[in-house]
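Working notes, beginning with the structure itself.
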Amino acid sequence: MITSSANQQMKNLTALMKKAKERKNQKAFVVEGPKMFVEAPREWVLHVYVAESFLESEDNQKLLAGYDYEVVADSVFRSVSDTQTPQGILAILRMPEYTLPQLLCEERTHLLILESIQDPGNLGTIVRTGEGAGISGIIMNRTTVDLFNPKTIRSTMGSIYRVPYLVVEDLKETLFNLKKEGVSLYAAHLQGTAAYDAFDYTVPCGFLIGNEGNGLSDKIAQQADCYIRIPMEGQVESLNAAISATLLMYECNRQRRKKHENLV
């Protein structure tokens, strides 16, 4: 049993939770809690750590069937956990790797493209909502908050395991390549004159969402085929980035469901 936070494995856990650079170097990230552990693809799991008291429950013991794990003293587990109320289980997982072709699904291509989103909770919510809306993947630039930040991971509620993603060095070039593949690009933009629900999203498409404070940069926005707007009542100028993304993704989902229903 691990009884000291000075233990090298505990130091590594802490580094992976606190430092994006360490996660990138090791190509690994940390998840907490039974739900995130149970839903994790088994082949992603590298190491499992459980609090001593976690093993007092037979149900918890059953969750660990087939896994090797390290037992950690409760006080040490609390010290390394990223949550105020630790759930007794932590796992280090390997990061998945995807390529652009894996995010393209011919006519079903439905992408969300993010530029410099900064809030971990926003990003996690976007991933989770994206799964619900049936997107084929998320593309983000390097200055978007780390997808594997512990707060982001918690906010995905497990969708991180099922939504393909790509972090790109040159977002402009990636958008150019998407257009060559026949993907129509729509930018949520304050200069948009057409309402977001005025277009046909049953064809391959992608939605561009920018930074919470500044929106899309001109360089990226100019790659879009069209600027679209979300109509606002009252004195509201814009919506939260995750809310805007949700409206666009679900409008695409609605149109595709309606088209499918009409074909059946």
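We label chains A, B, ... in the order they appear in the structure tokens, count residues from 1 in each chain, and number ligands from 1 in the order shown.
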
*asked:* With only C-alpha atoms as the counted atoms, please give the residues lying no more than 10 Å from Gly206 (chain A), apart from itself and same-chain residues fewer than 4 positions off, as a ChimeraX atom specification.
replied: /A:109-113,135-139,175,178-179,183-187,201,224,248-249,252

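With only C-alpha atoms taken into account, the protein and nucleic acid residues at most 8 Å from Lys219 (chain A) (excluding it and anything under 3 positions from it in its own chain) are Lys172, Gln222 and Gln223 of chain A.
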
Write a file of the just-selected residues containing N, CA, C and O atoms, as a compact mmCIF listing (two decimals), in the first residue's frame.
```txt
# COMPACT_ATOMS: atom_id res chain seq x y z
N LYS A 172 -5.81 27.15 -40.06
CA LYS A 172 -6.16 27.68 -41.38
C LYS A 172 -5.92 26.63 -42.47
O LYS A 172 -6.78 26.41 -43.33
N GLN A 222 -12.40 34.08 -41.97
CA GLN A 222 -12.41 34.28 -43.41
C GLN A 222 -12.37 32.97 -44.20
O GLN A 222 -12.64 32.96 -45.41
N GLN A 223 -12.06 31.89 -43.53
CA GLN A 223 -12.05 30.59 -44.20
C GLN A 223 -13.46 30.00 -44.34
O GLN A 223 -13.68 29.05 -45.09
```

_Non-local contacts of Ile89 (chain A) (6 Å; only C-alpha atoms; under 2 positions in same chain excluded) as a PyMOL selection string_ = chain A and resi 32-33+49-50+87

Requested write-out: N, CA, C and O atoms of the selected residues, as a tab-separated table (two decimals), in the first residue's frame:
```tsv
chain	number	residue	atom	x	y	z
A	32	GLU	N	-11.01	10.35	-12.81
A	32	GLU	CA	-11.40	10.06	-11.42
A	32	GLU	C	-12.83	9.55	-11.35
A	32	GLU	O	-13.69	9.97	-12.13
A	33	GLY	N	-13.07	8.68	-10.40
A	33	GLY	CA	-14.42	8.23	-10.11
A	33	GLY	C	-14.80	6.94	-10.82
A	33	GLY	O	-14.28	6.61	-11.89
A	49	TYR	N	-5.43	3.27	-9.36
A	49	TYR	CA	-5.15	3.51	-7.95
A	49	TYR	C	-6.47	3.62	-7.20
A	49	TYR	O	-7.38	4.32	-7.65
A	50	VAL	N	-6.58	2.94	-6.07
A	50	VAL	CA	-7.80	3.01	-5.27
A	50	VAL	C	-7.47	3.36	-3.83
A	50	VAL	O	-6.44	2.94	-3.29
A	87	GLN	N	-13.68	10.18	-5.00
A	87	GLN	CA	-14.56	9.02	-5.12
A	87	GLN	C	-13.82	7.70	-4.96
A	87	GLN	O	-14.39	6.63	-5.18
```

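All residues of protein, DNA or RNA that reach within 10 Å of Thr174 (chain A), judged by only C-alpha atoms and not counting those fewer than 3 positions away in the chain, are Leu100, Ile139, Met140, Asn141, Val168, Glu169, Asp170, Leu171, Asn177, Leu178, Lys179 and Lys180 of chain A.
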
*asked:* Residues of region 62-251 of chain A classed as strand (DSSP E) by DSSP on the backbone are to be reported as a PyMOL selection string.
replied: chain A and resi 70-72+89-94+110-114+137-141+165-168+184-188+194-195+205-209+226-229

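Among the candidates A:Gly132, A:Gly182, A:Gly158, A:Gly66, the residue lying nearest to Val31 (chain A) is A:Gly158 (atoms considered: only C-alpha atoms).
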
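Between Arg108 (chain A) and the residues A:Thr202, A:Thr129, A:Asn214, A:Ser159, the shortest atom-to-atom distance, using only C-alpha atoms, involves A:Thr202.
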
*Name all residues at most 12 Å from Arg128 (chain A) (count only C-alpha atoms; drop same-chain ones fewer than 4 positions away) and give them as a ChimeraX atom specification.*
/A:121-124,132-135,137-138,152-164,242,245-246,249

Can you pull out every residue from region 31-237 of chain A that DSSP, working from the backbone, puts in helix (DSSP H, G or I), and format the result as a PDB file with N, CA and C atoms, in the first residue's frame?
```
ATOM      1  N   PRO A  34     -15.724   6.181 -10.230  1.00  0.00           N
ATOM      2  CA  PRO A  34     -16.147   4.892 -10.802  1.00  0.00           C
ATOM      3  C   PRO A  34     -16.721   5.006 -12.212  1.00  0.00           C
ATOM      4  N   LYS A  35     -17.536   6.044 -12.461  1.00  0.00           N
ATOM      5  CA  LYS A  35     -18.167   6.174 -13.781  1.00  0.00           C
ATOM      6  C   LYS A  35     -17.124   6.326 -14.874  1.00  0.00           C
ATOM      7  N   MET A  36     -16.185   7.229 -14.673  1.00  0.00           N
ATOM      8  CA  MET A  36     -15.160   7.457 -15.689  1.00  0.00           C
ATOM      9  C   MET A  36     -14.264   6.230 -15.844  1.00  0.00           C
ATOM     10  N   PHE A  37     -14.037   5.513 -14.752  1.00  0.00           N
ATOM     11  CA  PHE A  37     -13.213   4.307 -14.822  1.00  0.00           C
ATOM     12  C   PHE A  37     -13.934   3.196 -15.583  1.00  0.00           C
ATOM     13  N   VAL A  38     -15.184   2.958 -15.248  1.00  0.00           N
ATOM     14  CA  VAL A  38     -15.940   1.859 -15.869  1.00  0.00           C
ATOM     15  C   VAL A  38     -16.115   2.080 -17.364  1.00  0.00           C
ATOM     16  N   GLU A  39     -16.338   3.331 -17.777  1.00  0.00           N
ATOM     17  CA  GLU A  39     -16.580   3.605 -19.192  1.00  0.00           C
ATOM     18  C   GLU A  39     -15.304   3.649 -20.029  1.00  0.00           C
ATOM     19  N   ARG A  42     -10.878  -0.490 -22.043  1.00  0.00           N
ATOM     20  CA  ARG A  42      -9.902  -1.242 -21.256  1.00  0.00           C
ATOM     21  C   ARG A  42      -8.481  -1.091 -21.797  1.00  0.00           C
ATOM     22  N   GLU A  43      -8.373  -1.016 -23.131  1.00  0.00           N
ATOM     23  CA  GLU A  43      -7.038  -0.936 -23.723  1.00  0.00           C
ATOM     24  C   GLU A  43      -6.367   0.412 -23.491  1.00  0.00           C
ATOM     25  N   TRP A  44      -7.124   1.402 -23.010  1.00  0.00           N
ATOM     26  CA  TRP A  44      -6.524   2.698 -22.686  1.00  0.00           C
ATOM     27  C   TRP A  44      -5.927   2.714 -21.284  1.00  0.00           C
ATOM     28  N   GLU A  52      -7.840   3.089   0.144  1.00  0.00           N
ATOM     29  CA  GLU A  52      -7.995   1.914   1.001  1.00  0.00           C
ATOM     30  C   GLU A  52      -9.470   1.665   1.332  1.00  0.00           C
ATOM     31  N   SER A  53     -10.202   2.733   1.637  1.00  0.00           N
ATOM     32  CA  SER A  53     -11.607   2.578   2.018  1.00  0.00           C
ATOM     33  C   SER A  53     -12.496   2.188   0.837  1.00  0.00           C
ATOM     34  N   PHE A  54     -12.040   2.419  -0.387  1.00  0.00           N
ATOM     35  CA  PHE A  54     -12.815   2.075  -1.576  1.00  0.00           C
ATOM     36  C   PHE A  54     -13.066   0.570  -1.630  1.00  0.00           C
ATOM     37  N   LEU A  55     -12.118  -0.195  -1.104  1.00  0.00           N
ATOM     38  CA  LEU A  55     -12.201  -1.658  -1.177  1.00  0.00           C
ATOM     39  C   LEU A  55     -13.147  -2.251  -0.134  1.00  0.00           C
ATOM     40  N   GLU A  56     -13.692  -1.407   0.738  1.00  0.00           N
ATOM     41  CA  GLU A  56     -14.622  -1.908   1.752  1.00  0.00           C
ATOM     42  C   GLU A  56     -15.953  -2.330   1.140  1.00  0.00           C
ATOM     43  N   GLU A  58     -18.125  -4.324  -1.636  1.00  0.00           N
ATOM     44  CA  GLU A  58     -18.024  -5.451  -2.570  1.00  0.00           C
ATOM     45  C   GLU A  58     -18.291  -5.005  -4.004  1.00  0.00           C
ATOM     46  N   ASP A  59     -19.220  -4.078  -4.168  1.00  0.00           N
ATOM     47  CA  ASP A  59     -19.511  -3.572  -5.511  1.00  0.00           C
ATOM     48  C   ASP A  59     -18.278  -2.903  -6.106  1.00  0.00           C
ATOM     49  N   ASN A  60     -17.556  -2.149  -5.285  1.00  0.00           N
ATOM     50  CA  ASN A  60     -16.340  -1.505  -5.769  1.00  0.00           C
ATOM     51  C   ASN A  60     -15.287  -2.539  -6.136  1.00  0.00           C
ATOM     52  N   GLN A  61     -15.182  -3.579  -5.350  1.00  0.00           N
ATOM     53  CA  GLN A  61     -14.218  -4.636  -5.659  1.00  0.00           C
ATOM     54  C   GLN A  61     -14.535  -5.284  -7.008  1.00  0.00           C
ATOM     55  N   LYS A  62     -15.825  -5.431  -7.301  1.00  0.00           N
ATOM     56  CA  LYS A  62     -16.227  -6.031  -8.572  1.00  0.00           C
ATOM     57  C   LYS A  62     -15.813  -5.167  -9.761  1.00  0.00           C
ATOM     58  N   LEU A  63     -15.815  -3.835  -9.565  1.00  0.00           N
ATOM     59  CA  LEU A  63     -15.408  -2.931 -10.641  1.00  0.00           C
ATOM     60  C   LEU A  63     -13.972  -3.186 -11.081  1.00  0.00           C
ATOM     61  N   ASP A  74      -5.970   6.417   2.505  1.00  0.00           N
ATOM     62  CA  ASP A  74      -7.012   7.425   2.265  1.00  0.00           C
ATOM     63  C   ASP A  74      -6.473   8.856   2.311  1.00  0.00           C
ATOM     64  N   SER A  75      -5.627   9.140   3.285  1.00  0.00           N
ATOM     65  CA  SER A  75      -5.102  10.507   3.426  1.00  0.00           C
ATOM     66  C   SER A  75      -4.253  10.897   2.226  1.00  0.00           C
ATOM     67  N   VAL A  76      -3.502   9.944   1.705  1.00  0.00           N
ATOM     68  CA  VAL A  76      -2.660  10.214   0.533  1.00  0.00           C
ATOM     69  C   VAL A  76      -3.542  10.378  -0.701  1.00  0.00           C
ATOM     70  N   PHE A  77      -4.562   9.530  -0.806  1.00  0.00           N
ATOM     71  CA  PHE A  77      -5.469   9.619  -1.955  1.00  0.00           C
ATOM     72  C   PHE A  77      -6.128  10.994  -2.001  1.00  0.00           C
ATOM     73  N   ARG A  78      -6.568  11.478  -0.832  1.00  0.00           N
ATOM     74  CA  ARG A  78      -7.197  12.806  -0.786  1.00  0.00           C
ATOM     75  C   ARG A  78      -6.228  13.883  -1.225  1.00  0.00           C
ATOM     76  N   SER A  79      -4.962  13.727  -0.894  1.00  0.00           N
ATOM     77  CA  SER A  79      -3.971  14.753  -1.222  1.00  0.00           C
ATOM     78  C   SER A  79      -3.670  14.832  -2.719  1.00  0.00           C
ATOM     79  N   VAL A  80      -3.824  13.719  -3.427  1.00  0.00           N
ATOM     80  CA  VAL A  80      -3.527  13.730  -4.861  1.00  0.00           C
ATOM     81  C   VAL A  80      -4.770  13.933  -5.722  1.00  0.00           C
ATOM     82  N   LEU A 100      -7.214  13.161 -39.429  1.00  0.00           N
ATOM     83  CA  LEU A 100      -8.316  13.898 -40.048  1.00  0.00           C
ATOM     84  C   LEU A 100      -9.289  12.977 -40.793  1.00  0.00           C
ATOM     85  N   PRO A 101      -8.804  12.003 -41.569  1.00  0.00           N
ATOM     86  CA  PRO A 101      -9.759  11.119 -42.262  1.00  0.00           C
ATOM     87  C   PRO A 101     -10.708  10.390 -41.316  1.00  0.00           C
ATOM     88  N   GLN A 102     -10.279  10.147 -40.076  1.00  0.00           N
ATOM     89  CA  GLN A 102     -11.148   9.464 -39.118  1.00  0.00           C
ATOM     90  C   GLN A 102     -12.294  10.346 -38.643  1.00  0.00           C
ATOM     91  N   LEU A 103     -12.160  11.654 -38.835  1.00  0.00           N
ATOM     92  CA  LEU A 103     -13.228  12.585 -38.444  1.00  0.00           C
ATOM     93  C   LEU A 103     -14.210  12.840 -39.585  1.00  0.00           C
ATOM     94  N   GLU A 106     -17.971  10.989 -44.864  1.00  0.00           N
ATOM     95  CA  GLU A 106     -18.675  11.242 -46.113  1.00  0.00           C
ATOM     96  C   GLU A 106     -19.872  12.154 -45.857  1.00  0.00           C
ATOM     97  N   GLU A 107     -21.077  11.732 -46.246  1.00  0.00           N
ATOM     98  CA  GLU A 107     -22.244  12.603 -46.102  1.00  0.00           C
ATOM     99  C   GLU A 107     -22.589  12.900 -44.644  1.00  0.00           C
ATOM    100  N   ARG A 108     -22.125  12.046 -43.729  1.00  0.00           N
ATOM    101  CA  ARG A 108     -22.454  12.225 -42.315  1.00  0.00           C
ATOM    102  C   ARG A 108     -21.452  13.113 -41.587  1.00  0.00           C
ATOM    103  N   PRO A 120     -12.127  25.323 -19.388  1.00  0.00           N
ATOM    104  CA  PRO A 120     -12.164  23.859 -19.407  1.00  0.00           C
ATOM    105  C   PRO A 120     -13.577  23.297 -19.348  1.00  0.00           C
ATOM    106  N   GLY A 121     -14.433  23.935 -18.550  1.00  0.00           N
ATOM    107  CA  GLY A 121     -15.815  23.470 -18.445  1.00  0.00           C
ATOM    108  C   GLY A 121     -16.563  23.627 -19.754  1.00  0.00           C
ATOM    109  N   ASN A 122     -16.314  24.752 -20.453  1.00  0.00           N
ATOM    110  CA  ASN A 122     -16.928  24.963 -21.759  1.00  0.00           C
ATOM    111  C   ASN A 122     -16.529  23.850 -22.726  1.00  0.00           C
ATOM    112  N   LEU A 123     -15.241  23.559 -22.774  1.00  0.00           N
ATOM    113  CA  LEU A 123     -14.756  22.550 -23.711  1.00  0.00           C
ATOM    114  C   LEU A 123     -15.344  21.181 -23.383  1.00  0.00           C
ATOM    115  N   GLY A 124     -15.365  20.828 -22.106  1.00  0.00           N
ATOM    116  CA  GLY A 124     -15.922  19.536 -21.720  1.00  0.00           C
ATOM    117  C   GLY A 124     -17.390  19.421 -22.068  1.00  0.00           C
ATOM    118  N   THR A 125     -18.132  20.508 -21.833  1.00  0.00           N
ATOM    119  CA  THR A 125     -19.556  20.521 -22.171  1.00  0.00           C
ATOM    120  C   THR A 125     -19.759  20.383 -23.672  1.00  0.00           C
ATOM    121  N   ILE A 126     -18.909  21.025 -24.448  1.00  0.00           N
ATOM    122  CA  ILE A 126     -18.993  20.943 -25.907  1.00  0.00           C
ATOM    123  C   ILE A 126     -18.766  19.509 -26.374  1.00  0.00           C
ATOM    124  N   VAL A 127     -17.789  18.823 -25.787  1.00  0.00           N
ATOM    125  CA  VAL A 127     -17.523  17.434 -26.169  1.00  0.00           C
ATOM    126  C   VAL A 127     -18.728  16.559 -25.846  1.00  0.00           C
ATOM    127  N   ARG A 128     -19.264  16.725 -24.647  1.00  0.00           N
ATOM    128  CA  ARG A 128     -20.406  15.920 -24.229  1.00  0.00           C
ATOM    129  C   ARG A 128     -21.624  16.184 -25.108  1.00  0.00           C
ATOM    130  N   THR A 129     -21.905  17.464 -25.354  1.00  0.00           N
ATOM    131  CA  THR A 129     -23.046  17.818 -26.194  1.00  0.00           C
ATOM    132  C   THR A 129     -22.826  17.346 -27.624  1.00  0.00           C
ATOM    133  N   GLY A 130     -21.574  17.418 -28.072  1.00  0.00           N
ATOM    134  CA  GLY A 130     -21.256  16.968 -29.415  1.00  0.00           C
ATOM    135  C   GLY A 130     -21.587  15.501 -29.622  1.00  0.00           C
ATOM    136  N   GLU A 131     -21.290  14.683 -28.617  1.00  0.00           N
ATOM    137  CA  GLU A 131     -21.665  13.276 -28.730  1.00  0.00           C
ATOM    138  C   GLU A 131     -23.177  13.143 -28.853  1.00  0.00           C
ATOM    139  N   GLY A 132     -23.904  13.886 -28.024  1.00  0.00           N
ATOM    140  CA  GLY A 132     -25.358  13.816 -28.060  1.00  0.00           C
ATOM    141  C   GLY A 132     -25.933  14.265 -29.390  1.00  0.00           C
ATOM    142  N   ALA A 133     -25.279  15.232 -30.031  1.00  0.00           N
ATOM    143  CA  ALA A 133     -25.765  15.766 -31.307  1.00  0.00           C
ATOM    144  C   ALA A 133     -25.278  14.948 -32.497  1.00  0.00           C
ATOM    145  N   PRO A 150      -8.099  18.075 -16.054  1.00  0.00           N
ATOM    146  CA  PRO A 150      -9.039  17.302 -15.232  1.00  0.00           C
ATOM    147  C   PRO A 150     -10.463  17.863 -15.207  1.00  0.00           C
ATOM    148  N   LYS A 151     -10.599  19.188 -15.190  1.00  0.00           N
ATOM    149  CA  LYS A 151     -11.940  19.776 -15.185  1.00  0.00           C
ATOM    150  C   LYS A 151     -12.653  19.505 -16.503  1.00  0.00           C
ATOM    151  N   THR A 152     -11.912  19.574 -17.604  1.00  0.00           N
ATOM    152  CA  THR A 152     -12.498  19.264 -18.906  1.00  0.00           C
ATOM    153  C   THR A 152     -12.949  17.817 -18.953  1.00  0.00           C
ATOM    154  N   ILE A 153     -12.089  16.920 -18.488  1.00  0.00           N
ATOM    155  CA  ILE A 153     -12.406  15.491 -18.496  1.00  0.00           C
ATOM    156  C   ILE A 153     -13.684  15.229 -17.698  1.00  0.00           C
ATOM    157  N   ARG A 154     -13.801  15.823 -16.517  1.00  0.00           N
ATOM    158  CA  ARG A 154     -15.009  15.624 -15.707  1.00  0.00           C
ATOM    159  C   ARG A 154     -16.245  16.142 -16.437  1.00  0.00           C
ATOM    160  N   SER A 155     -16.100  17.288 -17.102  1.00  0.00           N
ATOM    161  CA  SER A 155     -17.247  17.885 -17.786  1.00  0.00           C
ATOM    162  C   SER A 155     -17.715  17.060 -18.976  1.00  0.00           C
ATOM    163  N   THR A 156     -16.841  16.248 -19.549  1.00  0.00           N
ATOM    164  CA  THR A 156     -17.260  15.421 -20.691  1.00  0.00           C
ATOM    165  C   THR A 156     -18.166  14.277 -20.252  1.00  0.00           C
ATOM    166  N   SER A 159     -17.811  11.287 -22.485  1.00  0.00           N
ATOM    167  CA  SER A 159     -17.836  11.463 -23.945  1.00  0.00           C
ATOM    168  C   SER A 159     -16.437  11.561 -24.537  1.00  0.00           C
ATOM    169  N   ILE A 160     -15.454  11.890 -23.715  1.00  0.00           N
ATOM    170  CA  ILE A 160     -14.069  11.949 -24.184  1.00  0.00           C
ATOM    171  C   ILE A 160     -13.639  10.612 -24.790  1.00  0.00           C
ATOM    172  N   TYR A 161     -14.261   9.524 -24.361  1.00  0.00           N
ATOM    173  CA  TYR A 161     -13.905   8.199 -24.860  1.00  0.00           C
ATOM    174  C   TYR A 161     -14.492   7.912 -26.240  1.00  0.00           C
ATOM    175  N   LEU A 171      -4.553  25.765 -38.005  1.00  0.00           N
ATOM    176  CA  LEU A 171      -5.993  25.612 -38.179  1.00  0.00           C
ATOM    177  C   LEU A 171      -6.431  26.090 -39.562  1.00  0.00           C
ATOM    178  N   LYS A 172      -5.809  27.149 -40.055  1.00  0.00           N
ATOM    179  CA  LYS A 172      -6.163  27.678 -41.376  1.00  0.00           C
ATOM    180  C   LYS A 172      -5.923  26.631 -42.467  1.00  0.00           C
ATOM    181  N   GLU A 173      -4.802  25.973 -42.407  1.00  0.00           N
ATOM    182  CA  GLU A 173      -4.488  24.940 -43.402  1.00  0.00           C
ATOM    183  C   GLU A 173      -5.468  23.771 -43.293  1.00  0.00           C
ATOM    184  N   THR A 174      -5.821  23.400 -42.059  1.00  0.00           N
ATOM    185  CA  THR A 174      -6.777  22.308 -41.865  1.00  0.00           C
ATOM    186  C   THR A 174      -8.129  22.655 -42.469  1.00  0.00           C
ATOM    187  N   LEU A 175      -8.561  23.904 -42.302  1.00  0.00           N
ATOM    188  CA  LEU A 175      -9.836  24.334 -42.874  1.00  0.00           C
ATOM    189  C   LEU A 175      -9.780  24.293 -44.396  1.00  0.00           C
ATOM    190  N   PHE A 176      -8.651  24.668 -44.946  1.00  0.00           N
ATOM    191  CA  PHE A 176      -8.468  24.601 -46.404  1.00  0.00           C
ATOM    192  C   PHE A 176      -8.601  23.154 -46.877  1.00  0.00           C
ATOM    193  N   ASN A 177      -8.006  22.234 -46.135  1.00  0.00           N
ATOM    194  CA  ASN A 177      -8.095  20.811 -46.502  1.00  0.00           C
ATOM    195  C   ASN A 177      -9.522  20.285 -46.379  1.00  0.00           C
ATOM    196  N   LEU A 178     -10.252  20.769 -45.373  1.00  0.00           N
ATOM    197  CA  LEU A 178     -11.650  20.347 -45.221  1.00  0.00           C
ATOM    198  C   LEU A 178     -12.491  20.795 -46.417  1.00  0.00           C
ATOM    199  N   LYS A 179     -12.239  22.031 -46.867  1.00  0.00           N
ATOM    200  CA  LYS A 179     -13.010  22.526 -48.009  1.00  0.00           C
ATOM    201  C   LYS A 179     -12.692  21.723 -49.270  1.00  0.00           C
ATOM    202  N   LYS A 180     -11.446  21.288 -49.390  1.00  0.00           N
ATOM    203  CA  LYS A 180     -11.080  20.440 -50.532  1.00  0.00           C
ATOM    204  C   LYS A 180     -11.826  19.110 -50.483  1.00  0.00           C
ATOM    205  N   ASP A 218      -9.906  37.017 -37.446  1.00  0.00           N
ATOM    206  CA  ASP A 218     -10.247  37.302 -38.848  1.00  0.00           C
ATOM    207  C   ASP A 218      -9.674  36.238 -39.772  1.00  0.00           C
ATOM    208  N   LYS A 219      -8.459  35.796 -39.473  1.00  0.00           N
ATOM    209  CA  LYS A 219      -7.784  34.814 -40.332  1.00  0.00           C
ATOM    210  C   LYS A 219      -8.581  33.521 -40.434  1.00  0.00           C
ATOM    211  N   ILE A 220      -9.144  33.091 -39.330  1.00  0.00           N
ATOM    212  CA  ILE A 220      -9.910  31.839 -39.320  1.00  0.00           C
ATOM    213  C   ILE A 220     -11.331  32.063 -39.827  1.00  0.00           C
ATOM    214  N   ALA A 221     -11.966  33.144 -39.395  1.00  0.00           N
ATOM    215  CA  ALA A 221     -13.344  33.419 -39.823  1.00  0.00           C
ATOM    216  C   ALA A 221     -13.438  33.526 -41.340  1.00  0.00           C
TER     217      ALA A 221
END
```
